[in-house]
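K.L.:
One file: run03.pdb (PDB, N, CA and C atoms).
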```
MODEL        1
ATOM      1  N   MET A 647      37.228 -97.146 -23.525
ATOM      2  CA  MET A 647      37.232 -97.473 -24.935
ATOM      3  C   MET A 647      35.859 -98.007 -25.310
ATOM      4  N   SER A 648      35.367 -97.561 -26.421
ATOM      5  CA  SER A 648      34.079 -98.017 -26.914
ATOM      6  C   SER A 648      34.304 -98.826 -28.178
ATOM      7  N   SER A 649      33.565 -99.909 -28.324
ATOM      8  CA  SER A 649      33.688-100.687 -29.543
ATOM      9  C   SER A 649      32.354-101.307 -29.886
ATOM     10  N   ARG A 650      32.251-101.731 -31.126
ATOM     11  CA  ARG A 650      31.033-102.370 -31.592
ATOM     12  C   ARG A 650      31.423-103.401 -32.629
ATOM     13  N   ARG A 651      30.854-104.580 -32.543
ATOM     14  CA  ARG A 651      31.126-105.625 -33.517
ATOM     15  C   ARG A 651      30.304-105.374 -34.757
ATOM     16  N   LEU A 652      30.966-105.488 -35.885
ATOM     17  CA  LEU A 652      30.315-105.314 -37.173
ATOM     18  C   LEU A 652      30.460-106.610 -37.948
ATOM     19  N   LYS A 653      29.411-107.016 -38.642
ATOM     20  CA  LYS A 653      29.456-108.269 -39.381
ATOM     21  C   LYS A 653      29.158-108.027 -40.847
ATOM     22  N   ASN A 654      29.890-108.723 -41.685
ATOM     23  CA  ASN A 654      29.541-108.784 -43.091
ATOM     24  C   ASN A 654      29.574-110.242 -43.515
ATOM     25  N   ALA A 655      29.451-110.509 -44.754
ATOM     26  CA  ALA A 655      29.328-111.888 -45.217
ATOM     27  C   ALA A 655      30.568-112.735 -44.945
ATOM     28  N   THR A 656      31.738-112.114 -44.850
ATOM     29  CA  THR A 656      32.948-112.907 -44.741
ATOM     30  C   THR A 656      33.698-112.782 -43.423
ATOM     31  N   GLU A 657      33.459-111.737 -42.656
ATOM     32  CA  GLU A 657      34.259-111.557 -41.452
ATOM     33  C   GLU A 657      33.545-110.686 -40.423
ATOM     34  N   THR A 658      34.060-110.727 -39.208
ATOM     35  CA  THR A 658      33.579-109.867 -38.153
ATOM     36  C   THR A 658      34.673-108.851 -37.853
ATOM     37  N   MET A 659      34.298-107.590 -37.801
ATOM     38  CA  MET A 659      35.254-106.526 -37.532
ATOM     39  C   MET A 659      34.854-105.844 -36.232
ATOM     40  N   THR A 660      35.818-105.279 -35.562
ATOM     41  CA  THR A 660      35.531-104.508 -34.367
ATOM     42  C   THR A 660      35.977-103.076 -34.604
ATOM     43  N   LEU A 661      35.025-102.177 -34.583
ATOM     44  CA  LEU A 661      35.333-100.759 -34.690
ATOM     45  C   LEU A 661      35.448-100.229 -33.270
ATOM     46  N   SER A 662      36.576 -99.622 -32.971
ATOM     47  CA  SER A 662      36.781 -99.091 -31.626
ATOM     48  C   SER A 662      37.224 -97.636 -31.711
ATOM     49  N   PHE A 663      37.115 -96.973 -30.592
ATOM     50  CA  PHE A 663      37.444 -95.551 -30.503
ATOM     51  C   PHE A 663      38.401 -95.337 -29.325
ATOM     52  N   PRO A 664      39.624 -95.897 -29.419
ATOM     53  CA  PRO A 664      40.557 -95.792 -28.290
ATOM     54  C   PRO A 664      41.164 -94.400 -28.138
ATOM     55  N   ASN A 665      41.193 -93.641 -29.209
ATOM     56  CA  ASN A 665      41.764 -92.300 -29.189
ATOM     57  C   ASN A 665      40.647 -91.304 -28.873
ATOM     58  N   GLN A 666      40.684 -90.714 -27.718
ATOM     59  CA  GLN A 666      39.638 -89.779 -27.295
ATOM     60  C   GLN A 666      39.813 -88.388 -27.906
ATOM     61  N   SER A 667      40.831 -88.215 -28.750
ATOM     62  CA  SER A 667      41.061 -86.917 -29.389
ATOM     63  C   SER A 667      39.920 -86.574 -30.330
ATOM     64  N   ARG A 668      39.640 -85.298 -30.406
ATOM     65  CA  ARG A 668      38.669 -84.761 -31.353
ATOM     66  C   ARG A 668      39.037 -83.310 -31.533
ATOM     67  N   PHE A 669      38.687 -82.752 -32.684
ATOM     68  CA  PHE A 669      38.926 -81.335 -32.859
ATOM     69  C   PHE A 669      37.870 -80.743 -33.769
ATOM     70  N   TYR A 670      37.707 -79.448 -33.645
ATOM     71  CA  TYR A 670      36.734 -78.738 -34.451
ATOM     72  C   TYR A 670      37.385 -78.335 -35.762
ATOM     73  N   ASP A 671      36.790 -78.736 -36.864
ATOM     74  CA  ASP A 671      37.254 -78.389 -38.198
ATOM     75  C   ASP A 671      36.353 -77.262 -38.712
ATOM     76  N   ALA A 672      36.835 -76.037 -38.619
ATOM     77  CA  ALA A 672      36.023 -74.866 -38.992
ATOM     78  C   ALA A 672      35.663 -74.870 -40.467
ATOM     79  N   THR A 673      36.539 -75.397 -41.315
ATOM     80  CA  THR A 673      36.270 -75.447 -42.743
ATOM     81  C   THR A 673      35.046 -76.302 -43.052
ATOM     82  N   ARG A 674      34.915 -77.414 -42.350
ATOM     83  CA  ARG A 674      33.787 -78.322 -42.566
ATOM     84  C   ARG A 674      32.619 -78.037 -41.639
ATOM     85  N   GLY A 675      32.833 -77.234 -40.619
ATOM     86  CA  GLY A 675      31.783 -76.990 -39.630
ATOM     87  C   GLY A 675      31.408 -78.273 -38.920
ATOM     88  N   ALA A 676      32.436 -79.037 -38.532
ATOM     89  CA  ALA A 676      32.215 -80.362 -37.955
ATOM     90  C   ALA A 676      33.292 -80.681 -36.919
ATOM     91  N   VAL A 677      32.978 -81.645 -36.060
ATOM     92  CA  VAL A 677      33.961 -82.174 -35.118
ATOM     93  C   VAL A 677      34.513 -83.461 -35.733
ATOM     94  N   ARG A 678      35.824 -83.537 -35.792
ATOM     95  CA  ARG A 678      36.497 -84.706 -36.370
ATOM     96  C   ARG A 678      36.992 -85.607 -35.257
ATOM     97  N   PHE A 679      36.849 -86.918 -35.467
ATOM     98  CA  PHE A 679      37.378 -87.912 -34.539
ATOM     99  C   PHE A 679      37.728 -89.161 -35.338
ATOM    100  N   TRP A 680      38.359 -90.139 -34.687
ATOM    101  CA  TRP A 680      38.863 -91.309 -35.386
ATOM    102  C   TRP A 680      38.388 -92.595 -34.743
ATOM    103  N   GLY A 681      38.179 -93.589 -35.591
ATOM    104  CA  GLY A 681      37.863 -94.935 -35.144
ATOM    105  C   GLY A 681      38.884 -95.885 -35.740
ATOM    106  N   HIS A 682      39.001 -97.057 -35.141
ATOM    107  CA  HIS A 682      39.960 -98.053 -35.613
ATOM    108  C   HIS A 682      39.280 -99.405 -35.781
ATOM    109  N   ASP A 683      39.605-100.036 -36.881
ATOM    110  CA  ASP A 683      39.161-101.393 -37.202
ATOM    111  C   ASP A 683      40.443-102.168 -37.451
ATOM    112  N   SER A 684      40.889-102.899 -36.438
ATOM    113  CA  SER A 684      42.204-103.554 -36.479
ATOM    114  C   SER A 684      43.256-102.484 -36.719
ATOM    115  N   ALA A 685      44.044-102.622 -37.778
ATOM    116  CA  ALA A 685      45.100-101.649 -38.054
ATOM    117  C   ALA A 685      44.613-100.484 -38.912
ATOM    118  N   MET A 686      43.381-100.533 -39.365
ATOM    119  CA  MET A 686      42.835 -99.486 -40.223
ATOM    120  C   MET A 686      42.260 -98.345 -39.381
ATOM    121  N   GLU A 687      42.599 -97.120 -39.772
ATOM    122  CA  GLU A 687      42.050 -95.948 -39.100
ATOM    123  C   GLU A 687      41.043 -95.273 -40.021
ATOM    124  N   ALA A 688      39.926 -94.853 -39.471
ATOM    125  CA  ALA A 688      38.894 -94.152 -40.236
ATOM    126  C   ALA A 688      38.615 -92.811 -39.577
ATOM    127  N   SER A 689      38.462 -91.785 -40.407
ATOM    128  CA  SER A 689      38.123 -90.449 -39.923
ATOM    129  C   SER A 689      36.613 -90.264 -39.979
ATOM    130  N   PHE A 690      36.083 -89.662 -38.937
ATOM    131  CA  PHE A 690      34.654 -89.364 -38.858
ATOM    132  C   PHE A 690      34.481 -87.868 -38.624
ATOM    133  N   PHE A 691      33.438 -87.319 -39.229
ATOM    134  CA  PHE A 691      33.078 -85.914 -39.036
ATOM    135  C   PHE A 691      31.614 -85.867 -38.633
ATOM    136  N   VAL A 692      31.323 -85.266 -37.493
ATOM    137  CA  VAL A 692      29.934 -85.069 -37.083
ATOM    138  C   VAL A 692      29.651 -83.574 -37.231
ATOM    139  N   ASP A 693      28.697 -83.254 -38.096
ATOM    140  CA  ASP A 693      28.486 -81.840 -38.419
ATOM    141  C   ASP A 693      27.689 -81.107 -37.340
ATOM    142  N   ALA A 694      27.731 -79.785 -37.423
ATOM    143  CA  ALA A 694      27.102 -78.931 -36.409
ATOM    144  C   ALA A 694      25.601 -79.186 -36.307
ATOM    145  N   ASP A 695      24.920 -79.396 -37.433
ATOM    146  CA  ASP A 695      23.475 -79.674 -37.392
ATOM    147  C   ASP A 695      23.182 -80.960 -36.630
ATOM    148  N   ALA A 696      24.024 -81.965 -36.814
ATOM    149  CA  ALA A 696      23.837 -83.225 -36.091
ATOM    150  C   ALA A 696      24.029 -83.016 -34.592
ATOM    151  N   LEU A 697      25.042 -82.246 -34.218
ATOM    152  CA  LEU A 697      25.272 -81.983 -32.796
ATOM    153  C   LEU A 697      24.123 -81.186 -32.187
ATOM    154  N   ARG A 698      23.552 -80.268 -32.956
ATOM    155  CA  ARG A 698      22.394 -79.517 -32.447
ATOM    156  C   ARG A 698      21.152 -80.402 -32.374
ATOM    157  N   ARG A 699      21.062 -81.410 -33.213
ATOM    158  CA  ARG A 699      19.932 -82.340 -33.115
ATOM    159  C   ARG A 699      20.044 -83.165 -31.834
ATOM    160  N   ILE A 700      21.258 -83.581 -31.527
ATOM    161  CA  ILE A 700      21.496 -84.360 -30.313
ATOM    162  C   ILE A 700      21.262 -83.502 -29.068
ATOM    163  N   LYS A 701      21.761 -82.277 -29.120
ATOM    164  CA  LYS A 701      21.681 -81.359 -27.973
ATOM    165  C   LYS A 701      21.218 -79.998 -28.495
ATOM    166  N   PRO A 702      19.908 -79.775 -28.535
ATOM    167  CA  PRO A 702      19.346 -78.576 -29.170
ATOM    168  C   PRO A 702      19.867 -77.233 -28.662
ATOM    169  N   ASP A 703      20.280 -77.138 -27.413
ATOM    170  CA  ASP A 703      20.763 -75.859 -26.889
ATOM    171  C   ASP A 703      22.251 -75.623 -27.139
ATOM    172  N   THR A 704      22.837 -76.413 -28.037
ATOM    173  CA  THR A 704      24.262 -76.293 -28.342
ATOM    174  C   THR A 704      24.591 -74.949 -28.974
ATOM    175  N   ARG A 705      25.614 -74.315 -28.432
ATOM    176  CA  ARG A 705      26.112 -73.081 -29.042
ATOM    177  C   ARG A 705      26.802 -73.439 -30.357
ATOM    178  N   SER A 706      26.798 -72.537 -31.306
ATOM    179  CA  SER A 706      27.345 -72.801 -32.644
ATOM    180  C   SER A 706      28.845 -72.554 -32.762
ATOM    181  N   ASP A 707      29.485 -72.183 -31.661
ATOM    182  CA  ASP A 707      30.924 -71.939 -31.734
ATOM    183  C   ASP A 707      31.700 -73.214 -31.399
ATOM    184  N   GLU A 708      33.011 -73.145 -31.544
ATOM    185  CA  GLU A 708      33.874 -74.305 -31.325
ATOM    186  C   GLU A 708      33.676 -74.912 -29.933
ATOM    187  N   ILE A 709      33.648 -74.076 -28.916
ATOM    188  CA  ILE A 709      33.503 -74.577 -27.548
ATOM    189  C   ILE A 709      32.169 -75.301 -27.369
ATOM    190  N   GLY A 710      31.108 -74.732 -27.887
ATOM    191  CA  GLY A 710      29.793 -75.349 -27.766
ATOM    192  C   GLY A 710      29.701 -76.677 -28.488
ATOM    193  N   LEU A 711      30.251 -76.748 -29.700
ATOM    194  CA  LEU A 711      30.176 -77.982 -30.487
ATOM    195  C   LEU A 711      31.041 -79.084 -29.878
ATOM    196  N   LEU A 712      32.232 -78.730 -29.401
ATOM    197  CA  LEU A 712      33.079 -79.731 -28.751
ATOM    198  C   LEU A 712      32.440 -80.235 -27.456
ATOM    199  N   SER A 713      31.798 -79.337 -26.725
ATOM    200  CA  SER A 713      31.109 -79.726 -25.498
ATOM    201  C   SER A 713      29.955 -80.687 -25.801
ATOM    202  N   ALA A 714      29.183 -80.392 -26.847
ATOM    203  CA  ALA A 714      28.084 -81.282 -27.240
ATOM    204  C   ALA A 714      28.629 -82.648 -27.639
ATOM    205  N   PHE A 715      29.738 -82.671 -28.348
ATOM    206  CA  PHE A 715      30.374 -83.936 -28.727
ATOM    207  C   PHE A 715      30.783 -84.712 -27.475
ATOM    208  N   ASP A 716      31.504 -84.047 -26.590
ATOM    209  CA  ASP A 716      32.015 -84.720 -25.389
ATOM    210  C   ASP A 716      30.899 -85.294 -24.520
ATOM    211  N   SER A 717      29.791 -84.596 -24.417
ATOM    212  CA  SER A 717      28.717 -85.072 -23.545
ATOM    213  C   SER A 717      27.823 -86.124 -24.213
ATOM    214  N   ASN A 718      28.100 -86.430 -25.475
ATOM    215  CA  ASN A 718      27.286 -87.416 -26.199
ATOM    216  C   ASN A 718      28.129 -88.440 -26.944
ATOM    217  N   ARG A 719      29.327 -88.706 -26.449
ATOM    218  CA  ARG A 719      30.238 -89.639 -27.121
ATOM    219  C   ARG A 719      29.619 -91.008 -27.356
ATOM    220  N   LYS A 720      28.933 -91.550 -26.374
ATOM    221  CA  LYS A 720      28.381 -92.905 -26.509
ATOM    222  C   LYS A 720      27.433 -92.983 -27.715
ATOM    223  N   LEU A 721      26.520 -92.032 -27.827
ATOM    224  CA  LEU A 721      25.579 -91.990 -28.951
ATOM    225  C   LEU A 721      26.323 -91.750 -30.263
ATOM    226  N   ILE A 722      27.282 -90.851 -30.262
ATOM    227  CA  ILE A 722      28.032 -90.536 -31.482
ATOM    228  C   ILE A 722      28.834 -91.746 -31.939
ATOM    229  N   TYR A 723      29.503 -92.435 -31.023
ATOM    230  CA  TYR A 723      30.276 -93.621 -31.393
ATOM    231  C   TYR A 723      29.359 -94.723 -31.931
ATOM    232  N   ALA A 724      28.213 -94.928 -31.301
ATOM    233  CA  ALA A 724      27.274 -95.950 -31.784
ATOM    234  C   ALA A 724      26.778 -95.603 -33.187
ATOM    235  N   THR A 725      26.494 -94.344 -33.417
ATOM    236  CA  THR A 725      26.035 -93.901 -34.738
ATOM    237  C   THR A 725      27.163 -94.030 -35.756
ATOM    238  N   ALA A 726      28.380 -93.684 -35.370
ATOM    239  CA  ALA A 726      29.528 -93.828 -36.263
ATOM    240  C   ALA A 726      29.703 -95.287 -36.685
ATOM    241  N   ALA A 727      29.524 -96.205 -35.746
ATOM    242  CA  ALA A 727      29.647 -97.627 -36.073
ATOM    243  C   ALA A 727      28.582 -98.051 -37.078
ATOM    244  N   GLN A 728      27.369 -97.530 -36.957
ATOM    245  CA  GLN A 728      26.298 -97.846 -37.911
ATOM    246  C   GLN A 728      26.621 -97.293 -39.298
ATOM    247  N   VAL A 729      27.122 -96.085 -39.359
ATOM    248  CA  VAL A 729      27.485 -95.486 -40.640
ATOM    249  C   VAL A 729      28.652 -96.256 -41.267
ATOM    250  N   TYR A 730      29.612 -96.637 -40.455
ATOM    251  CA  TYR A 730      30.772 -97.408 -40.914
ATOM    252  C   TYR A 730      30.332 -98.739 -41.508
ATOM    253  N   GLU A 731      29.329 -99.330 -40.895
ATOM    254  CA  GLU A 731      28.798-100.623 -41.318
ATOM    255  C   GLU A 731      28.280-100.589 -42.759
ATOM    256  N   ARG A 732      27.868 -99.436 -43.224
ATOM    257  CA  ARG A 732      27.290 -99.295 -44.568
ATOM    258  C   ARG A 732      28.315 -99.484 -45.679
ATOM    259  N   GLY A 733      29.581 -99.378 -45.355
ATOM    260  CA  GLY A 733      30.614 -99.554 -46.369
ATOM    261  C   GLY A 733      31.875 -98.807 -46.017
ATOM    262  N   ARG A 734      32.989 -99.405 -46.349
ATOM    263  CA  ARG A 734      34.281 -98.801 -46.011
ATOM    264  C   ARG A 734      34.636 -97.667 -46.966
ATOM    265  N   ARG A 735      35.075 -96.582 -46.359
ATOM    266  CA  ARG A 735      35.539 -95.403 -47.097
ATOM    267  C   ARG A 735      36.694 -94.798 -46.308
ATOM    268  N   GLY A 736      37.270 -93.777 -46.849
ATOM    269  CA  GLY A 736      38.369 -93.102 -46.154
ATOM    270  C   GLY A 736      37.894 -92.255 -44.997
ATOM    271  N   SER A 737      36.721 -91.639 -45.171
ATOM    272  CA  SER A 737      36.155 -90.839 -44.093
ATOM    273  C   SER A 737      34.637 -90.954 -44.136
ATOM    274  N   TYR A 738      34.024 -90.601 -43.019
ATOM    275  CA  TYR A 738      32.587 -90.774 -42.859
ATOM    276  C   TYR A 738      31.993 -89.500 -42.282
ATOM    277  N   ASP A 739      30.915 -89.028 -42.895
ATOM    278  CA  ASP A 739      30.216 -87.848 -42.409
ATOM    279  C   ASP A 739      28.966 -88.276 -41.666
ATOM    280  N   LEU A 740      28.836 -87.826 -40.420
ATOM    281  CA  LEU A 740      27.640 -88.086 -39.633
ATOM    282  C   LEU A 740      26.790 -86.825 -39.681
ATOM    283  N   VAL A 741      25.581 -86.964 -40.177
ATOM    284  CA  VAL A 741      24.681 -85.828 -40.329
ATOM    285  C   VAL A 741      23.461 -86.030 -39.434
ATOM    286  N   ALA A 742      22.658 -84.991 -39.296
ATOM    287  CA  ALA A 742      21.503 -85.024 -38.384
ATOM    288  C   ALA A 742      20.604 -86.226 -38.637
ATOM    289  N   ALA A 743      20.387 -86.580 -39.905
ATOM    290  CA  ALA A 743      19.495 -87.701 -40.241
ATOM    291  C   ALA A 743      20.028 -89.044 -39.726
ATOM    292  N   ASP A 744      21.313 -89.136 -39.423
ATOM    293  CA  ASP A 744      21.882 -90.385 -38.906
ATOM    294  C   ASP A 744      21.524 -90.630 -37.450
ATOM    295  N   PHE A 745      21.065 -89.587 -36.756
ATOM    296  CA  PHE A 745      20.783 -89.688 -35.324
ATOM    297  C   PHE A 745      19.296 -89.782 -35.064
ATOM    298  N   ARG A 746      18.927 -90.770 -34.278
ATOM    299  CA  ARG A 746      17.525 -90.942 -33.886
ATOM    300  C   ARG A 746      17.421 -90.614 -32.402
ATOM    301  N   VAL A 747      17.136 -89.361 -32.134
ATOM    302  CA  VAL A 747      17.023 -88.930 -30.728
ATOM    303  C   VAL A 747      15.654 -88.362 -30.463
TER     304      VAL A 747
ENDMDL
END
```
Let me see the structure of the file written as structure tokens.
P.N.:
Amino acid sequence: MSSRRLKNATETMTLSFPNQSRFYDATRGAVRFWGHDSAMEASFFVDADALRRIKPDTRSDEIGLLSAFDSNRKLIYATAAQVYERGRRGSYDLVAADFRV
């Protein structure tokens, strides 16, 4: 399980990723996964361009994108926590510019 403490003016939250499930969403061209902050669940989407930025030799098909996600979970989860920190929403899109590799 991966988690990161997030702070705002009034409270400390812990975003964790206990559910290792992820799937390829062909409509969005992204891999979807979930994070949890206490009882709140948040959906995250990491798009294909972001995965290719992390791993340039990534194939553009479902298998290639899921493989790139799986081999870079630590970086993706850390980036998701940073994006989450910017403000609560129902879902969060992780794009290439969010990753500093």
K.L.:
How would you write, as a list of chain:residue names, the set of residues in chain A that DSSP gives as alpha helix (DSSP H)?
P.N.:
A:Ala694, A:Asp695, A:Ala696, A:Leu697, A:Arg698, A:Arg699, A:Ile700, A:Glu708, A:Ile709, A:Gly710, A:Leu711, A:Leu712, A:Ser713, A:Ala714, A:Phe715, A:Asp716, A:Arg719, A:Lys720, A:Leu721, A:Ile722, A:Tyr723, A:Ala724, A:Thr725, A:Ala726, A:Ala727, A:Gln728, A:Val729, A:Tyr730, A:Glu731
K.L.:
Wanna dump the range 650-709 of chain A-range 737-745 of chain A contacts at 6 Å for me, each residue with its shortest atom pair and the distance in Å to one decimal, counting only N, CA and C atoms, ordered by chain and number, as a Markdown table?
P.N.:
```
| residue | atom | partner | partner_atom | distance |
| --- | --- | --- | --- | --- |
| A:Ala688 | C | A:Ser737 | CA | 5.5 |
| A:Ser689 | C | A:Tyr738 | N | 4.0 |
| A:Phe690 | CA | A:Tyr738 | C | 4.3 |
| A:Phe691 | C | A:Leu740 | N | 3.8 |
| A:Val692 | CA | A:Leu740 | C | 4.4 |
| A:Asp693 | N | A:Leu740 | C | 4.3 |
| A:Asp695 | C | A:Ala742 | CA | 4.7 |
| A:Ala696 | CA | A:Ala742 | CA | 3.7 |
```
K.L.:
Keeping only N, CA and C atoms, take the residues you just selected and write them out as a PDB file, in the frame of the given file.
P.N.:
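Okay, selection-v6.pdb is ready:
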```pdb
ATOM      1  N   ALA A 688      39.926 -94.853 -39.471  1.00  0.00           N
ATOM      2  CA  ALA A 688      38.894 -94.152 -40.236  1.00  0.00           C
ATOM      3  C   ALA A 688      38.615 -92.811 -39.577  1.00  0.00           C
ATOM      4  N   SER A 689      38.462 -91.785 -40.407  1.00  0.00           N
ATOM      5  CA  SER A 689      38.123 -90.449 -39.923  1.00  0.00           C
ATOM      6  C   SER A 689      36.613 -90.264 -39.979  1.00  0.00           C
ATOM      7  N   PHE A 690      36.083 -89.662 -38.937  1.00  0.00           N
ATOM      8  CA  PHE A 690      34.654 -89.364 -38.858  1.00  0.00           C
ATOM      9  C   PHE A 690      34.481 -87.868 -38.624  1.00  0.00           C
ATOM     10  N   PHE A 691      33.438 -87.319 -39.229  1.00  0.00           N
ATOM     11  CA  PHE A 691      33.078 -85.914 -39.036  1.00  0.00           C
ATOM     12  C   PHE A 691      31.614 -85.867 -38.633  1.00  0.00           C
ATOM     13  N   VAL A 692      31.323 -85.266 -37.493  1.00  0.00           N
ATOM     14  CA  VAL A 692      29.934 -85.069 -37.083  1.00  0.00           C
ATOM     15  C   VAL A 692      29.651 -83.574 -37.231  1.00  0.00           C
ATOM     16  N   ASP A 693      28.697 -83.254 -38.096  1.00  0.00           N
ATOM     17  CA  ASP A 693      28.486 -81.840 -38.419  1.00  0.00           C
ATOM     18  C   ASP A 693      27.689 -81.107 -37.340  1.00  0.00           C
ATOM     19  N   ASP A 695      24.920 -79.396 -37.433  1.00  0.00           N
ATOM     20  CA  ASP A 695      23.475 -79.674 -37.392  1.00  0.00           C
ATOM     21  C   ASP A 695      23.182 -80.960 -36.630  1.00  0.00           C
ATOM     22  N   ALA A 696      24.024 -81.965 -36.814  1.00  0.00           N
ATOM     23  CA  ALA A 696      23.837 -83.225 -36.091  1.00  0.00           C
ATOM     24  C   ALA A 696      24.029 -83.016 -34.592  1.00  0.00           C
TER      25      ALA A 696
END
```
K.L.:
Carefully work through the PyMOL selection byres (((chain A and resi 697 and name CA) around 12) and name CA) for this structure and note down the residues it includes, as a PyMOL selection string.
P.N.:
chain A and resi 675-677+691-696+698-708+710-719+721-722+740-747
K.L.:
Convert the output of the PyMOL selection byres ((chain A and resi 684) around 8) on the shown file into explicit residues, formatted as a PyMOL selection string.
P.N.:
chain A and resi 659-662+681-683+685-687
K.L.:
Around range 661-670 of chain A, fit a box with edges along x, y and z, padding it by 6 Å on each side, then list its centre and edge lengths in Å to one decimal as lines of an AutoDock Vina configuration file.
P.N.:
```
center_x = 38.4
center_y = -90.3
center_z = -31.5
size_x = 18.7
size_y = 35.8
size_z = 20.5
```
K.L.:
Please report the interatomic distance between CA of Arg678 in chain A and CA of Lys720 in chain A in Å with one decimal.
P.N.:
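CA of Lys720 in chain A lies at a distance of 15.2 Å from CA of Arg678 in chain A.
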K.L.:
For a test of reading the model, state the distance in Å between atom N of Ala672 in chain A and atom N of Ile709 in chain A, rounded to one decimal.
P.N.:
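Calculated distance between atom N of Ala672 in chain A and atom N of Ile709 in chain A is 10.4 Å.
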K.L.:
Give me, please, the distance in Å between atom N of Asp671 in chain A and atom C of Gly736 in chain A, quoted to one decimal.
P.N.:
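Computed distance, atom N of Asp671 in chain A to atom C of Gly736 in chain A, equals 15.8 Å.
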K.L.:
Using DSSP assignments from the backbone, pull out every residue in chain A that falls under strand (DSSP E or B) and give it to me as a ChimeraX atom specification.
P.N.:
/A:649-653,658-662,668-671,676-683,686-693,737-740
K.L.:
Take the residues that were just selected and, keeping N, CA and C atoms, output them as a short mmCIF file (atom, residue, chain, number, x, y, z; two decimals), in the frame of the given file.
P.N.:
```cif
data_model
loop_
_atom_site.label_atom_id
_atom_site.label_comp_id
_atom_site.auth_asym_id
_atom_site.auth_seq_id
_atom_site.Cartn_x
_atom_site.Cartn_y
_atom_site.Cartn_z
N SER A 649 33.56 -99.91 -28.32
CA SER A 649 33.69 -100.69 -29.54
C SER A 649 32.35 -101.31 -29.89
N ARG A 650 32.25 -101.73 -31.13
CA ARG A 650 31.03 -102.37 -31.59
C ARG A 650 31.42 -103.40 -32.63
N ARG A 651 30.85 -104.58 -32.54
CA ARG A 651 31.13 -105.62 -33.52
C ARG A 651 30.30 -105.37 -34.76
N LEU A 652 30.97 -105.49 -35.88
CA LEU A 652 30.32 -105.31 -37.17
C LEU A 652 30.46 -106.61 -37.95
N LYS A 653 29.41 -107.02 -38.64
CA LYS A 653 29.46 -108.27 -39.38
C LYS A 653 29.16 -108.03 -40.85
N THR A 658 34.06 -110.73 -39.21
CA THR A 658 33.58 -109.87 -38.15
C THR A 658 34.67 -108.85 -37.85
N MET A 659 34.30 -107.59 -37.80
CA MET A 659 35.25 -106.53 -37.53
C MET A 659 34.85 -105.84 -36.23
N THR A 660 35.82 -105.28 -35.56
CA THR A 660 35.53 -104.51 -34.37
C THR A 660 35.98 -103.08 -34.60
N LEU A 661 35.02 -102.18 -34.58
CA LEU A 661 35.33 -100.76 -34.69
C LEU A 661 35.45 -100.23 -33.27
N SER A 662 36.58 -99.62 -32.97
CA SER A 662 36.78 -99.09 -31.63
C SER A 662 37.22 -97.64 -31.71
N ARG A 668 39.64 -85.30 -30.41
CA ARG A 668 38.67 -84.76 -31.35
C ARG A 668 39.04 -83.31 -31.53
N PHE A 669 38.69 -82.75 -32.68
CA PHE A 669 38.93 -81.33 -32.86
C PHE A 669 37.87 -80.74 -33.77
N TYR A 670 37.71 -79.45 -33.65
CA TYR A 670 36.73 -78.74 -34.45
C TYR A 670 37.38 -78.33 -35.76
N ASP A 671 36.79 -78.74 -36.86
CA ASP A 671 37.25 -78.39 -38.20
C ASP A 671 36.35 -77.26 -38.71
N ALA A 676 32.44 -79.04 -38.53
CA ALA A 676 32.22 -80.36 -37.96
C ALA A 676 33.29 -80.68 -36.92
N VAL A 677 32.98 -81.64 -36.06
CA VAL A 677 33.96 -82.17 -35.12
C VAL A 677 34.51 -83.46 -35.73
N ARG A 678 35.82 -83.54 -35.79
CA ARG A 678 36.50 -84.71 -36.37
C ARG A 678 36.99 -85.61 -35.26
N PHE A 679 36.85 -86.92 -35.47
CA PHE A 679 37.38 -87.91 -34.54
C PHE A 679 37.73 -89.16 -35.34
N TRP A 680 38.36 -90.14 -34.69
CA TRP A 680 38.86 -91.31 -35.39
C TRP A 680 38.39 -92.60 -34.74
N GLY A 681 38.18 -93.59 -35.59
CA GLY A 681 37.86 -94.94 -35.14
C GLY A 681 38.88 -95.88 -35.74
N HIS A 682 39.00 -97.06 -35.14
CA HIS A 682 39.96 -98.05 -35.61
C HIS A 682 39.28 -99.40 -35.78
N ASP A 683 39.60 -100.04 -36.88
CA ASP A 683 39.16 -101.39 -37.20
C ASP A 683 40.44 -102.17 -37.45
N MET A 686 43.38 -100.53 -39.36
CA MET A 686 42.84 -99.49 -40.22
C MET A 686 42.26 -98.34 -39.38
N GLU A 687 42.60 -97.12 -39.77
CA GLU A 687 42.05 -95.95 -39.10
C GLU A 687 41.04 -95.27 -40.02
N ALA A 688 39.93 -94.85 -39.47
CA ALA A 688 38.89 -94.15 -40.24
C ALA A 688 38.62 -92.81 -39.58
N SER A 689 38.46 -91.78 -40.41
CA SER A 689 38.12 -90.45 -39.92
C SER A 689 36.61 -90.26 -39.98
N PHE A 690 36.08 -89.66 -38.94
CA PHE A 690 34.65 -89.36 -38.86
C PHE A 690 34.48 -87.87 -38.62
N PHE A 691 33.44 -87.32 -39.23
CA PHE A 691 33.08 -85.91 -39.04
C PHE A 691 31.61 -85.87 -38.63
N VAL A 692 31.32 -85.27 -37.49
CA VAL A 692 29.93 -85.07 -37.08
C VAL A 692 29.65 -83.57 -37.23
N ASP A 693 28.70 -83.25 -38.10
CA ASP A 693 28.49 -81.84 -38.42
C ASP A 693 27.69 -81.11 -37.34
N SER A 737 36.72 -91.64 -45.17
CA SER A 737 36.16 -90.84 -44.09
C SER A 737 34.64 -90.95 -44.14
N TYR A 738 34.02 -90.60 -43.02
CA TYR A 738 32.59 -90.77 -42.86
C TYR A 738 31.99 -89.50 -42.28
N ASP A 739 30.92 -89.03 -42.90
CA ASP A 739 30.22 -87.85 -42.41
C ASP A 739 28.97 -88.28 -41.67
N LEU A 740 28.84 -87.83 -40.42
CA LEU A 740 27.64 -88.09 -39.63
C LEU A 740 26.79 -86.82 -39.68
#
```
